[in-house]
file work.pdb (PDB, C-alpha atoms, pLDDT in the B column)
MODEL        1
ATOM      1  CA  MET A   1     -51.439  92.444  -0.745  1.00 58.00           C
ATOM      2  CA  LYS A   2     -49.384  91.616   2.386  1.00 51.00           C
ATOM      3  CA  ARG A   3     -49.593  87.917   1.531  1.00 58.00           C
ATOM      4  CA  GLN A   4     -48.355  88.570  -2.017  1.00 56.00           C
ATOM      5  CA  ILE A   5     -45.439  90.623  -0.706  1.00 52.00           C
ATOM      6  CA  GLY A   6     -44.582  87.868   1.748  1.00 49.00           C
ATOM      7  CA  LEU A   7     -44.566  85.217  -0.998  1.00 48.00           C
ATOM      8  CA  ALA A   8     -42.372  87.415  -3.185  1.00 46.00           C
ATOM      9  CA  LEU A   9     -39.879  87.836  -0.350  1.00 45.00           C
ATOM     10  CA  LEU A  10     -39.780  84.058   0.239  1.00 48.00           C
ATOM     11  CA  MET A  11     -39.054  83.502  -3.452  1.00 50.00           C
ATOM     12  CA  LEU A  12     -36.174  85.948  -3.313  1.00 47.00           C
ATOM     13  CA  VAL A  13     -34.470  84.223  -0.351  1.00 45.00           C
ATOM     14  CA  PRO A  14     -32.750  81.438  -2.419  1.00 48.00           C
ATOM     15  CA  VAL A  15     -31.598  83.979  -5.018  1.00 48.00           C
ATOM     16  CA  ALA A  16     -30.187  86.240  -2.329  1.00 50.00           C
ATOM     17  CA  ALA A  17     -28.447  83.303  -0.657  1.00 50.00           C
ATOM     18  CA  GLN A  18     -26.811  82.258  -3.925  1.00 51.00           C
ATOM     19  CA  ALA A  19     -25.738  85.813  -4.676  1.00 55.00           C
ATOM     20  CA  GLU A  20     -24.164  85.987  -1.228  1.00 77.00           C
ATOM     21  CA  GLU A  21     -22.189  82.801  -1.870  1.00 87.00           C
ATOM     22  CA  GLY A  22     -21.177  83.922  -5.359  1.00 93.00           C
ATOM     23  CA  ARG A  23     -21.619  82.370  -8.797  1.00 96.00           C
ATOM     24  CA  LEU A  24     -18.020  81.155  -9.205  1.00 98.00           C
ATOM     25  CA  MET A  25     -16.651  78.215  -7.228  1.00 98.00           C
ATOM     26  CA  VAL A  26     -12.972  77.213  -7.321  1.00 98.00           C
ATOM     27  CA  ARG A  27     -12.095  73.743  -6.057  1.00 98.00           C
ATOM     28  CA  VAL A  28      -8.740  72.117  -5.335  1.00 98.00           C
ATOM     29  CA  ARG A  29      -8.794  68.327  -5.261  1.00 98.00           C
ATOM     30  CA  ALA A  30      -6.497  65.343  -4.856  1.00 98.00           C
ATOM     31  CA  VAL A  31      -7.597  62.927  -7.592  1.00 97.00           C
ATOM     32  CA  HIS A  32      -6.735  59.243  -7.988  1.00 97.00           C
ATOM     33  CA  ILE A  33      -6.615  58.079 -11.623  1.00 96.00           C
ATOM     34  CA  SER A  34      -7.488  54.413 -12.131  1.00 96.00           C
ATOM     35  CA  PRO A  35      -7.248  53.369 -15.828  1.00 96.00           C
ATOM     36  CA  ALA A  36      -9.423  50.611 -17.291  1.00 94.00           C
ATOM     37  CA  ASP A  37      -6.420  48.949 -19.024  1.00 91.00           C
ATOM     38  CA  LYS A  38      -8.349  47.584 -21.992  1.00 94.00           C
ATOM     39  CA  SER A  39      -6.405  46.801 -25.175  1.00 95.00           C
ATOM     40  CA  GLU A  40      -6.752  44.727 -28.323  1.00 94.00           C
ATOM     41  CA  ALA A  41      -4.842  41.485 -28.739  1.00 92.00           C
ATOM     42  CA  ILE A  42      -1.687  41.459 -30.895  1.00 87.00           C
ATOM     43  CA  PRO A  43      -1.749  37.997 -32.568  1.00 86.00           C
ATOM     44  CA  ALA A  44       1.544  38.518 -34.446  1.00 78.00           C
ATOM     45  CA  LEU A  45       3.363  38.920 -31.132  1.00 81.00           C
ATOM     46  CA  GLY A  46       1.292  36.412 -29.193  1.00 84.00           C
ATOM     47  CA  VAL A  47      -0.031  39.192 -26.913  1.00 89.00           C
ATOM     48  CA  PRO A  48      -3.513  38.598 -25.458  1.00 93.00           C
ATOM     49  CA  ALA A  49      -6.212  41.232 -25.061  1.00 95.00           C
ATOM     50  CA  ASP A  50      -5.969  43.635 -22.102  1.00 95.00           C
ATOM     51  CA  ALA A  51      -2.238  42.937 -21.632  1.00 94.00           C
ATOM     52  CA  ILE A  52      -1.229  46.619 -21.724  1.00 94.00           C
ATOM     53  CA  ASP A  53      -1.229  48.246 -18.289  1.00 96.00           C
ATOM     54  CA  VAL A  54      -1.214  52.035 -17.731  1.00 96.00           C
ATOM     55  CA  SER A  55      -0.144  53.019 -14.228  1.00 96.00           C
ATOM     56  CA  SER A  56      -2.534  54.459 -11.654  1.00 97.00           C
ATOM     57  CA  LYS A  57      -1.544  57.623  -9.830  1.00 95.00           C
ATOM     58  CA  THR A  58      -2.815  60.427  -7.605  1.00 96.00           C
ATOM     59  CA  ILE A  59      -2.604  63.976  -8.971  1.00 95.00           C
ATOM     60  CA  PRO A  60      -3.551  67.540  -7.977  1.00 95.00           C
ATOM     61  CA  GLU A  61      -6.509  69.091  -9.805  1.00 96.00           C
ATOM     62  CA  VAL A  62      -8.079  72.549  -9.972  1.00 97.00           C
ATOM     63  CA  ASP A  63     -11.537  73.214 -11.341  1.00 97.00           C
ATOM     64  CA  PHE A  64     -13.644  76.292 -11.969  1.00 98.00           C
ATOM     65  CA  THR A  65     -17.435  76.032 -11.703  1.00 98.00           C
ATOM     66  CA  TYR A  66     -19.766  78.802 -12.841  1.00 98.00           C
ATOM     67  CA  PHE A  67     -23.392  78.746 -11.663  1.00 98.00           C
ATOM     68  CA  PHE A  68     -25.838  80.008 -14.285  1.00 97.00           C
ATOM     69  CA  GLY A  69     -28.687  79.824 -11.777  1.00 94.00           C
ATOM     70  CA  ARG A  70     -29.784  77.834  -8.735  1.00 93.00           C
ATOM     71  CA  ASN A  71     -29.356  74.382 -10.309  1.00 97.00           C
ATOM     72  CA  LEU A  72     -27.298  74.599 -13.523  1.00 98.00           C
ATOM     73  CA  ALA A  73     -23.530  75.044 -13.579  1.00 98.00           C
ATOM     74  CA  ALA A  74     -20.573  74.398 -15.892  1.00 98.00           C
ATOM     75  CA  GLU A  75     -17.278  73.017 -14.610  1.00 98.00           C
ATOM     76  CA  LEU A  76     -13.843  73.235 -16.277  1.00 98.00           C
ATOM     77  CA  ILE A  77     -11.392  70.700 -14.851  1.00 95.00           C
ATOM     78  CA  LEU A  78      -7.660  71.388 -15.218  1.00 94.00           C
ATOM     79  CA  THR A  79      -4.302  69.939 -14.188  1.00 92.00           C
ATOM     80  CA  TYR A  80      -0.780  69.836 -15.655  1.00 92.00           C
ATOM     81  CA  PRO A  81       0.617  67.104 -18.005  1.00 93.00           C
ATOM     82  CA  GLN A  82       0.693  63.786 -16.168  1.00 93.00           C
ATOM     83  CA  LYS A  83       3.268  61.039 -16.747  1.00 95.00           C
ATOM     84  CA  HIS A  84       2.135  57.406 -16.820  1.00 96.00           C
ATOM     85  CA  ASP A  85       4.277  54.289 -16.979  1.00 97.00           C
ATOM     86  CA  VAL A  86       3.189  51.517 -19.370  1.00 96.00           C
ATOM     87  CA  GLU A  87       3.742  47.768 -19.082  1.00 96.00           C
ATOM     88  CA  LEU A  88       3.020  44.849 -21.394  1.00 92.00           C
ATOM     89  CA  SER A  89       2.245  41.666 -19.454  1.00 89.00           C
ATOM     90  CA  GLY A  90       4.452  42.977 -16.630  1.00 90.00           C
ATOM     91  CA  THR A  91       7.324  44.061 -18.907  1.00 92.00           C
ATOM     92  CA  PRO A  92       8.049  47.843 -18.868  1.00 95.00           C
ATOM     93  CA  LEU A  93       7.461  49.519 -22.232  1.00 95.00           C
ATOM     94  CA  GLY A  94       8.172  53.131 -21.228  1.00 97.00           C
ATOM     95  CA  SER A  95       5.967  56.113 -20.525  1.00 97.00           C
ATOM     96  CA  PHE A  96       3.882  58.953 -21.973  1.00 97.00           C
ATOM     97  CA  LYS A  97       2.312  62.193 -20.734  1.00 96.00           C
ATOM     98  CA  HIS A  98      -1.256  63.372 -21.099  1.00 94.00           C
ATOM     99  CA  LEU A  99      -3.101  66.618 -20.396  1.00 94.00           C
ATOM    100  CA  PRO A 100      -6.855  65.963 -19.966  1.00 92.00           C
ATOM    101  CA  PRO A 101      -8.924  69.198 -19.704  1.00 94.00           C
ATOM    102  CA  THR A 102     -12.604  68.307 -19.202  1.00 97.00           C
ATOM    103  CA  LEU A 103     -15.748  70.438 -19.448  1.00 98.00           C
ATOM    104  CA  THR A 104     -19.037  69.288 -17.878  1.00 98.00           C
ATOM    105  CA  LEU A 105     -22.534  70.684 -17.492  1.00 98.00           C
ATOM    106  CA  GLN A 106     -23.873  69.969 -13.992  1.00 98.00           C
ATOM    107  CA  TYR A 107     -27.271  69.803 -12.322  1.00 98.00           C
ATOM    108  CA  HIS A 108     -27.240  70.590  -8.583  1.00 98.00           C
ATOM    109  CA  PHE A 109     -30.160  69.011  -6.726  1.00 98.00           C
ATOM    110  CA  ALA A 110     -30.100  70.969  -3.438  1.00 96.00           C
ATOM    111  CA  PRO A 111     -28.396  74.313  -4.161  1.00 95.00           C
ATOM    112  CA  GLU A 112     -29.330  75.839  -0.795  1.00 93.00           C
ATOM    113  CA  GLY A 113     -28.706  72.784   1.398  1.00 96.00           C
ATOM    114  CA  VAL A 114     -25.759  71.825   3.564  1.00 97.00           C
ATOM    115  CA  PHE A 115     -25.379  68.604   1.523  1.00 98.00           C
ATOM    116  CA  ARG A 116     -25.466  69.471  -2.208  1.00 98.00           C
ATOM    117  CA  PRO A 117     -25.309  66.490  -4.612  1.00 98.00           C
ATOM    118  CA  TYR A 118     -24.852  66.965  -8.359  1.00 98.00           C
ATOM    119  CA  LEU A 119     -24.578  65.055 -11.623  1.00 98.00           C
ATOM    120  CA  GLY A 120     -22.620  66.167 -14.658  1.00 98.00           C
ATOM    121  CA  ALA A 121     -21.919  65.173 -18.257  1.00 98.00           C
ATOM    122  CA  GLY A 122     -19.595  66.661 -20.827  1.00 98.00           C
ATOM    123  CA  VAL A 123     -16.543  66.231 -23.031  1.00 98.00           C
ATOM    124  CA  ASN A 124     -12.856  65.542 -22.581  1.00 97.00           C
ATOM    125  CA  LEU A 125      -9.949  66.489 -24.848  1.00 97.00           C
ATOM    126  CA  THR A 126      -6.775  64.620 -23.902  1.00 96.00           C
ATOM    127  CA  LEU A 127      -3.489  65.864 -25.387  1.00 97.00           C
ATOM    128  CA  ILE A 128      -0.792  63.174 -25.502  1.00 96.00           C
ATOM    129  CA  SER A 129       2.908  64.076 -25.519  1.00 96.00           C
ATOM    130  CA  ASP A 130       6.425  62.865 -24.616  1.00 97.00           C
ATOM    131  CA  VAL A 131       5.727  59.322 -25.852  1.00 97.00           C
ATOM    132  CA  ASN A 132       8.665  57.079 -24.968  1.00 97.00           C
ATOM    133  CA  LEU A 133       7.493  53.522 -25.674  1.00 96.00           C
ATOM    134  CA  ALA A 134       9.284  50.558 -27.253  1.00 95.00           C
ATOM    135  CA  VAL A 135       8.950  46.762 -27.500  1.00 89.00           C
ATOM    136  CA  PRO A 136      12.261  44.836 -27.600  1.00 83.00           C
ATOM    137  CA  GLY A 137      12.674  43.205 -31.003  1.00 82.00           C
ATOM    138  CA  VAL A 138       9.791  45.219 -32.490  1.00 86.00           C
ATOM    139  CA  GLY A 139      10.829  48.864 -32.195  1.00 92.00           C
ATOM    140  CA  GLU A 140       9.597  52.186 -30.924  1.00 96.00           C
ATOM    141  CA  LEU A 141       5.881  52.780 -30.548  1.00 95.00           C
ATOM    142  CA  ASP A 142       3.797  55.923 -30.890  1.00 97.00           C
ATOM    143  CA  LEU A 143       0.366  57.133 -29.727  1.00 97.00           C
ATOM    144  CA  GLU A 144      -2.116  59.516 -31.315  1.00 96.00           C
ATOM    145  CA  ASP A 145      -1.587  63.166 -30.375  1.00 96.00           C
ATOM    146  CA  SER A 146      -5.074  63.584 -28.940  1.00 96.00           C
ATOM    147  CA  SER A 147      -8.210  61.805 -27.803  1.00 97.00           C
ATOM    148  CA  PHE A 148     -11.732  63.247 -27.738  1.00 97.00           C
ATOM    149  CA  GLY A 149     -14.422  61.535 -25.684  1.00 97.00           C
ATOM    150  CA  MET A 150     -17.358  61.837 -23.339  1.00 98.00           C
ATOM    151  CA  ALA A 151     -17.182  62.341 -19.583  1.00 98.00           C
ATOM    152  CA  GLY A 152     -19.641  61.576 -16.772  1.00 98.00           C
ATOM    153  CA  GLN A 153     -19.570  62.909 -13.236  1.00 98.00           C
ATOM    154  CA  ALA A 154     -21.254  62.542  -9.841  1.00 98.00           C
ATOM    155  CA  GLY A 155     -20.347  64.373  -6.666  1.00 98.00           C
ATOM    156  CA  CYS A 156     -21.419  66.489  -3.746  1.00 98.00           C
ATOM    157  CA  ASP A 157     -20.456  69.669  -1.938  1.00 98.00           C
ATOM    158  CA  VAL A 158     -20.859  69.888   1.840  1.00 98.00           C
ATOM    159  CA  LYS A 159     -21.125  73.415   3.210  1.00 97.00           C
ATOM    160  CA  LEU A 160     -18.555  74.110   5.932  1.00 97.00           C
ATOM    161  CA  GLY A 161     -18.949  77.882   6.164  1.00 94.00           C
ATOM    162  CA  GLN A 162     -20.515  80.805   4.366  1.00 92.00           C
ATOM    163  CA  LYS A 163     -18.433  80.207   1.216  1.00 95.00           C
ATOM    164  CA  LEU A 164     -16.278  77.154   2.052  1.00 97.00           C
ATOM    165  CA  PHE A 165     -17.215  73.623   0.943  1.00 98.00           C
ATOM    166  CA  LEU A 166     -15.919  70.072   1.265  1.00 98.00           C
ATOM    167  CA  ASN A 167     -16.118  68.227  -2.052  1.00 98.00           C
ATOM    168  CA  ALA A 168     -16.192  64.577  -3.135  1.00 98.00           C
ATOM    169  CA  ASP A 169     -16.305  63.798  -6.857  1.00 98.00           C
ATOM    170  CA  VAL A 170     -16.192  60.757  -9.168  1.00 98.00           C
ATOM    171  CA  LYS A 171     -15.675  61.016 -12.931  1.00 98.00           C
ATOM    172  CA  TYR A 172     -15.475  58.535 -15.799  1.00 97.00           C
ATOM    173  CA  VAL A 173     -13.605  59.764 -18.873  1.00 97.00           C
ATOM    174  CA  ALA A 174     -13.272  58.102 -22.291  1.00 96.00           C
ATOM    175  CA  ILE A 175      -9.604  58.272 -23.362  1.00 96.00           C
ATOM    176  CA  ARG A 176      -8.572  56.035 -26.280  1.00 94.00           C
ATOM    177  CA  SER A 177      -5.670  55.823 -28.716  1.00 95.00           C
ATOM    178  CA  ASP A 178      -4.231  53.646 -31.459  1.00 96.00           C
ATOM    179  CA  VAL A 179      -0.729  52.307 -30.823  1.00 95.00           C
ATOM    180  CA  THR A 180       1.444  52.424 -33.937  1.00 95.00           C
ATOM    181  CA  LEU A 181       5.004  51.613 -34.979  1.00 94.00           C
ATOM    182  CA  ALA A 182       6.944  54.885 -34.856  1.00 94.00           C
ATOM    183  CA  ALA A 183       8.959  54.059 -37.976  1.00 92.00           C
ATOM    184  CA  SER A 184       6.091  53.092 -40.314  1.00 92.00           C
ATOM    185  CA  GLY A 185       2.899  54.328 -38.656  1.00 93.00           C
ATOM    186  CA  GLN A 186       1.435  50.814 -38.866  1.00 93.00           C
ATOM    187  CA  LYS A 187      -1.209  50.127 -36.227  1.00 93.00           C
ATOM    188  CA  VAL A 188      -0.143  47.570 -33.624  1.00 91.00           C
ATOM    189  CA  THR A 189      -3.106  47.705 -31.224  1.00 92.00           C
ATOM    190  CA  ALA A 190      -5.608  50.092 -29.663  1.00 94.00           C
ATOM    191  CA  VAL A 191      -5.876  50.955 -25.982  1.00 95.00           C
ATOM    192  CA  LYS A 192      -8.797  52.176 -23.897  1.00 95.00           C
ATOM    193  CA  VAL A 193      -7.419  54.057 -20.910  1.00 94.00           C
ATOM    194  CA  ASP A 194     -10.980  55.114 -19.897  1.00 96.00           C
ATOM    195  CA  PRO A 195     -10.038  56.048 -16.311  1.00 95.00           C
ATOM    196  CA  TRP A 196     -12.132  56.499 -13.193  1.00 97.00           C
ATOM    197  CA  LEU A 197     -11.098  59.663 -11.359  1.00 97.00           C
ATOM    198  CA  ILE A 198     -11.945  59.750  -7.655  1.00 98.00           C
ATOM    199  CA  GLY A 199     -11.322  63.107  -5.981  1.00 98.00           C
ATOM    200  CA  PHE A 200     -11.615  64.831  -2.615  1.00 98.00           C
ATOM    201  CA  GLY A 201     -10.934  68.489  -1.897  1.00 98.00           C
ATOM    202  CA  LEU A 202     -12.133  71.916  -0.876  1.00 98.00           C
ATOM    203  CA  GLY A 203     -14.117  74.544  -2.744  1.00 98.00           C
ATOM    204  CA  TYR A 204     -14.639  78.282  -2.253  1.00 98.00           C
ATOM    205  CA  ARG A 205     -17.368  80.396  -3.837  1.00 97.00           C
ATOM    206  CA  PHE A 206     -16.589  83.916  -4.972  1.00 95.00           C
TER     207      PHE A 206
ENDMDL
END
call {"tool": "encode", "arguments": {"input": "work.pdb", "output": "structure tokens"}}
result
Amino acid sequence: MKRQIGLALLMLVPVAAQAEEGRLMVRVRAVHISPADKSEAIPALGVPADAIDVSSKTIPEVDFTYFFGRNLAAELILTYPQKHDVELSGTPLGSFKHLPPTLTLQYHFAPEGVFRPYLGAGVNLTLISDVNLAVPGVGELDLEDSSFGMAGQAGCDVKLGQKLFLNADVKYVAIRSDVTLAASGQKVTAVKVDPWLIGFGLGYRF
């Protein structure tokens, strides 16, 4: 009987530890966005493939992670609309803004350790706005209003205190859009932004 009670208490230790830390983690990160810059060729204009360049930038990001249990969690990644400059073979075309909320389901491999790696997969919905693009001699260009794609994630939390964590995180997000003539809607090319997002920050569990 004493042995059974002892085993039961040992099984409750991880649950108690997680309850003490809290099920909700809020992280604040600095994230560097590095687009893939893949685009179709435009034969009519003599433009080769991958000639469209979307600027890299570093942005602030906030995410909310809810732990369903010891290992499974869901993370909602948020920021505000981000402006990117666009070039065609080094010639400025203009800019656009995008808002890329992302939801992932994560598996945490060492939920009670000091070093806590995780993998995640999910979906991204990118909302595109404030498109201000034009090619001299061709006219104004437009992008699709939204892009829906998959997202992959790998990262780790390092415990600094009872509820405070250092976080490193890498994500790959599929963001794609047709480029059309604003006047006629005719497709000119298609771009694959498909950025890598590399982030570092702090997290706190409530």
call {"tool": "resolve_selection", "arguments": {"input": "work.pdb", "expression": "the PyMOL selection byres ((chain A and resi 182) around 8)", "output": "PDB file with C-alpha atoms, keeping the file's coordinate frame"}}
result
ATOM      1  CA  GLY A 139      10.829  48.864 -32.195  1.00 92.00           C
ATOM      2  CA  GLU A 140       9.597  52.186 -30.924  1.00 96.00           C
ATOM      3  CA  LEU A 141       5.881  52.780 -30.548  1.00 95.00           C
ATOM      4  CA  ASP A 142       3.797  55.923 -30.890  1.00 97.00           C
ATOM      5  CA  THR A 180       1.444  52.424 -33.937  1.00 95.00           C
ATOM      6  CA  LEU A 181       5.004  51.613 -34.979  1.00 94.00           C
ATOM      7  CA  ALA A 183       8.959  54.059 -37.976  1.00 92.00           C
ATOM      8  CA  SER A 184       6.091  53.092 -40.314  1.00 92.00           C
ATOM      9  CA  GLY A 185       2.899  54.328 -38.656  1.00 93.00           C
ATOM     10  CA  GLN A 186       1.435  50.814 -38.866  1.00 93.00           C
TER      11      GLN A 186
END
call {"tool": "resolve_selection", "arguments": {"input": "work.pdb", "expression": "the PyMOL selection byres ((chain A and resi 179) around 7)", "output": "mmCIF file with C-alpha atoms, in the frame of the given file"}}
result
data_model
loop_
_atom_site.group_PDB
_atom_site.id
_atom_site.type_symbol
_atom_site.label_atom_id
_atom_site.label_comp_id
_atom_site.auth_asym_id
_atom_site.auth_seq_id
_atom_site.Cartn_x
_atom_site.Cartn_y
_atom_site.Cartn_z
ATOM 1 C CA LEU A 141 5.881 52.780 -30.548
ATOM 2 C CA ASP A 142 3.797 55.923 -30.890
ATOM 3 C CA LEU A 143 0.366 57.133 -29.727
ATOM 4 C CA SER A 177 -5.670 55.823 -28.716
ATOM 5 C CA ASP A 178 -4.231 53.646 -31.459
ATOM 6 C CA THR A 180 1.444 52.424 -33.937
ATOM 7 C CA LYS A 187 -1.209 50.127 -36.227
ATOM 8 C CA VAL A 188 -0.143 47.570 -33.624
ATOM 9 C CA THR A 189 -3.106 47.705 -31.224
ATOM 10 C CA ALA A 190 -5.608 50.092 -29.663
#
call {"tool": "resolve_selection", "arguments": {"input": "work.pdb", "expression": "the PyMOL selection byres ((chain A and resi 77-87) around 6)", "output": "NGL selection string"}}
result
:A and (52-55 or 61-63 or 76 or 88 or 90-99 or 101-102)
call {"tool": "closest_residue", "arguments": {"input": "work.pdb", "among": "A:Lys38, A:Lys163, A:Arg23, A:Lys192", "to": "A:Ala73", "atoms": "all atoms listed in the file"}}
result
A:Arg23
call {"tool": "closest_residue", "arguments": {"input": "work.pdb", "among": "A:Thr58, A:Thr65, A:Gln106, A:Ser89", "to": "A:Phe206", "atoms": "only C-alpha atoms"}}
result
A:Thr65
call {"tool": "residues_near_point", "arguments": {"input": "work.pdb", "point": "(-25.3, 65.3, -14.2)", "cutoff": "9 Å", "atoms": "all atoms listed in the file", "output": "PyMOL selection string"}}
result
chain A and resi 104-108+118-122+152-154
call {"tool": "atom_distance", "arguments": {"input": "work.pdb", "atom1": "atom CA of A:Asp157", "atom2": "atom CA of A:Ala174"}}
result
24.5 Å
call {"tool": "residues_around", "arguments": {"input": "work.pdb", "residues": "A:Lys57", "least_positions_apart": "4", "cutoff": "8 Å", "atoms": "all atoms listed in the file", "output": "PyMOL selection string"}}
result
chain A and resi 32-34+84
call {"tool": "residues_around", "arguments": {"input": "work.pdb", "residues": "A:Phe115", "least_positions_apart": "3", "cutoff": "9 Å", "atoms": "only C-alpha atoms", "output": "list of chain:residue names"}}
result
A:Ala110, A:Pro111, A:Glu112, A:Cys156, A:Asp157, A:Val158, A:Lys159
call {"tool": "atom_distance", "arguments": {"input": "work.pdb", "atom1": "atom CA of A:Ala41", "atom2": "atom CA of A:Ala134"}}
result
16.9 Å
call {"tool": "atom_distance", "arguments": {"input": "work.pdb", "atom1": "atom CA of A:Pro136", "atom2": "atom CA of A:Ser39"}}
result
18.9 Å
call {"tool": "closest_residue", "arguments": {"input": "work.pdb", "among": "A:Leu127, A:Ile175, A:Ala44, A:Val26", "to": "A:Tyr204", "atoms": "only C-alpha atoms"}}
result
A:Val26
call {"tool": "closest_residue", "arguments": {"input": "work.pdb", "among": "A:Ser129, A:Val138, A:Ala151, A:Gly113", "to": "A:Asn71", "atoms": "all atoms listed in the file"}}
result
A:Gly113
call {"tool": "residues_around", "arguments": {"input": "work.pdb", "residues": "A:Gly22", "least_positions_apart": "5", "cutoff": "12 Å", "atoms": "all atoms listed in the file", "output": "number ranges by chain"}}
result
A: 15-17, 65-70, 162-164, 204-206
call {"tool": "write_last_selection", "arguments": {"input": "work.pdb", "atoms": "C-alpha atoms", "output": "CSV table (one decimal), keeping the file's coordinate frame"}}
result
chain,number,residue,atom,x,y,z
A,15,VAL,CA,-31.6,84.0,-5.0
A,16,ALA,CA,-30.2,86.2,-2.3
A,17,ALA,CA,-28.4,83.3,-0.7
A,65,THR,CA,-17.4,76.0,-11.7
A,66,TYR,CA,-19.8,78.8,-12.8
A,67,PHE,CA,-23.4,78.7,-11.7
A,68,PHE,CA,-25.8,80.0,-14.3
A,69,GLY,CA,-28.7,79.8,-11.8
A,70,ARG,CA,-29.8,77.8,-8.7
A,162,GLN,CA,-20.5,80.8,4.4
A,163,LYS,CA,-18.4,80.2,1.2
A,164,LEU,CA,-16.3,77.2,2.1
A,204,TYR,CA,-14.6,78.3,-2.3
A,205,ARG,CA,-17.4,80.4,-3.8
A,206,PHE,CA,-16.6,83.9,-5.0
call {"tool": "axis_aligned_box", "arguments": {"input": "work.pdb", "around": "stretch 50-59 of chain A", "padding_each_side": "6 Å", "output": "JSON"}}
result
{"center_x": -3.1, "center_y": 53.5, "center_z": -14.9, "size_x": 17.8, "size_y": 33.0, "size_z": 26.5}
call {"tool": "closest_residue", "arguments": {"input": "work.pdb", "among": "A:Leu125, A:Asp130, A:Trp196, A:Gly203", "to": "A:Ser56", "atoms": "all atoms listed in the file"}}
result
A:Trp196
call {"tool": "closest_residue", "arguments": {"input": "work.pdb", "among": "A:Leu160, A:Asp169, A:Val114, A:Leu197", "to": "A:Ile59", "atoms": "all atoms listed in the file"}}
result
A:Leu197
call {"tool": "build_atoms", "arguments": {"input": "work.pdb", "residues": "stretch 84-89 of chain A", "atoms": "all heavy atoms", "output": "PDB file, in the coordinates of the input"}}
result
ATOM      1  N   HIS A  84       2.577  58.756 -17.173  1.00 96.00           N
ATOM      2  CA  HIS A  84       2.135  57.406 -16.820  1.00 96.00           C
ATOM      3  C   HIS A  84       3.126  56.384 -17.357  1.00 96.00           C
ATOM      4  O   HIS A  84       3.581  56.479 -18.507  1.00 96.00           O
ATOM      5  CB  HIS A  84       0.758  57.111 -17.415  1.00 96.00           C
ATOM      6  CG  HIS A  84      -0.361  57.816 -16.726  1.00 96.00           C
ATOM      7  ND1 HIS A  84      -1.039  57.290 -15.648  1.00 96.00           N
ATOM      8  CD2 HIS A  84      -0.913  59.020 -16.949  1.00 96.00           C
ATOM      9  CE1 HIS A  84      -1.967  58.127 -15.254  1.00 96.00           C
ATOM     10  NE2 HIS A  84      -1.911  59.195 -16.028  1.00 96.00           N
ATOM     11  N   ASP A  85       3.461  55.408 -16.536  1.00 97.00           N
ATOM     12  CA  ASP A  85       4.277  54.289 -16.979  1.00 97.00           C
ATOM     13  C   ASP A  85       3.384  53.251 -17.642  1.00 97.00           C
ATOM     14  O   ASP A  85       2.215  53.080 -17.271  1.00 97.00           O
ATOM     15  CB  ASP A  85       5.015  53.658 -15.796  1.00 97.00           C
ATOM     16  CG  ASP A  85       6.026  54.616 -15.174  1.00 97.00           C
ATOM     17  OD1 ASP A  85       6.656  55.379 -15.941  1.00 97.00           O
ATOM     18  OD2 ASP A  85       6.171  54.614 -13.938  1.00 97.00           O
ATOM     19  N   VAL A  86       3.947  52.523 -18.621  1.00 96.00           N
ATOM     20  CA  VAL A  86       3.189  51.517 -19.370  1.00 96.00           C
ATOM     21  C   VAL A  86       3.930  50.187 -19.319  1.00 96.00           C
ATOM     22  O   VAL A  86       5.153  50.142 -19.486  1.00 96.00           O
ATOM     23  CB  VAL A  86       2.992  51.958 -20.840  1.00 96.00           C
ATOM     24  CG1 VAL A  86       2.171  50.913 -21.607  1.00 96.00           C
ATOM     25  CG2 VAL A  86       2.318  53.327 -20.904  1.00 96.00           C
ATOM     26  N   GLU A  87       3.176  49.120 -19.093  1.00 96.00           N
ATOM     27  CA  GLU A  87       3.742  47.768 -19.082  1.00 96.00           C
ATOM     28  C   GLU A  87       2.966  46.872 -20.033  1.00 96.00           C
ATOM     29  O   GLU A  87       1.778  47.082 -20.269  1.00 96.00           O
ATOM     30  CB  GLU A  87       3.706  47.166 -17.672  1.00 96.00           C
ATOM     31  CG  GLU A  87       4.591  47.873 -16.669  1.00 96.00           C
ATOM     32  CD  GLU A  87       4.585  47.191 -15.307  1.00 96.00           C
ATOM     33  OE1 GLU A  87       3.743  46.270 -15.116  1.00 96.00           O
ATOM     34  OE2 GLU A  87       5.397  47.567 -14.452  1.00 96.00           O
ATOM     35  N   LEU A  88       3.644  45.871 -20.560  1.00 92.00           N
ATOM     36  CA  LEU A  88       3.020  44.849 -21.394  1.00 92.00           C
ATOM     37  C   LEU A  88       3.239  43.500 -20.730  1.00 92.00           C
ATOM     38  O   LEU A  88       4.366  42.998 -20.683  1.00 92.00           O
ATOM     39  CB  LEU A  88       3.625  44.851 -22.800  1.00 92.00           C
ATOM     40  CG  LEU A  88       3.148  43.745 -23.753  1.00 92.00           C
ATOM     41  CD1 LEU A  88       1.654  43.878 -24.016  1.00 92.00           C
ATOM     42  CD2 LEU A  88       3.931  43.778 -25.064  1.00 92.00           C
ATOM     43  N   SER A  89       2.175  42.943 -20.176  1.00 89.00           N
ATOM     44  CA  SER A  89       2.245  41.666 -19.454  1.00 89.00           C
ATOM     45  C   SER A  89       3.338  41.692 -18.395  1.00 89.00           C
ATOM     46  O   SER A  89       4.096  40.719 -18.217  1.00 89.00           O
ATOM     47  CB  SER A  89       2.478  40.505 -20.428  1.00 89.00           C
ATOM     48  OG  SER A  89       1.420  40.427 -21.366  1.00 89.00           O
TER      49      SER A  89
END
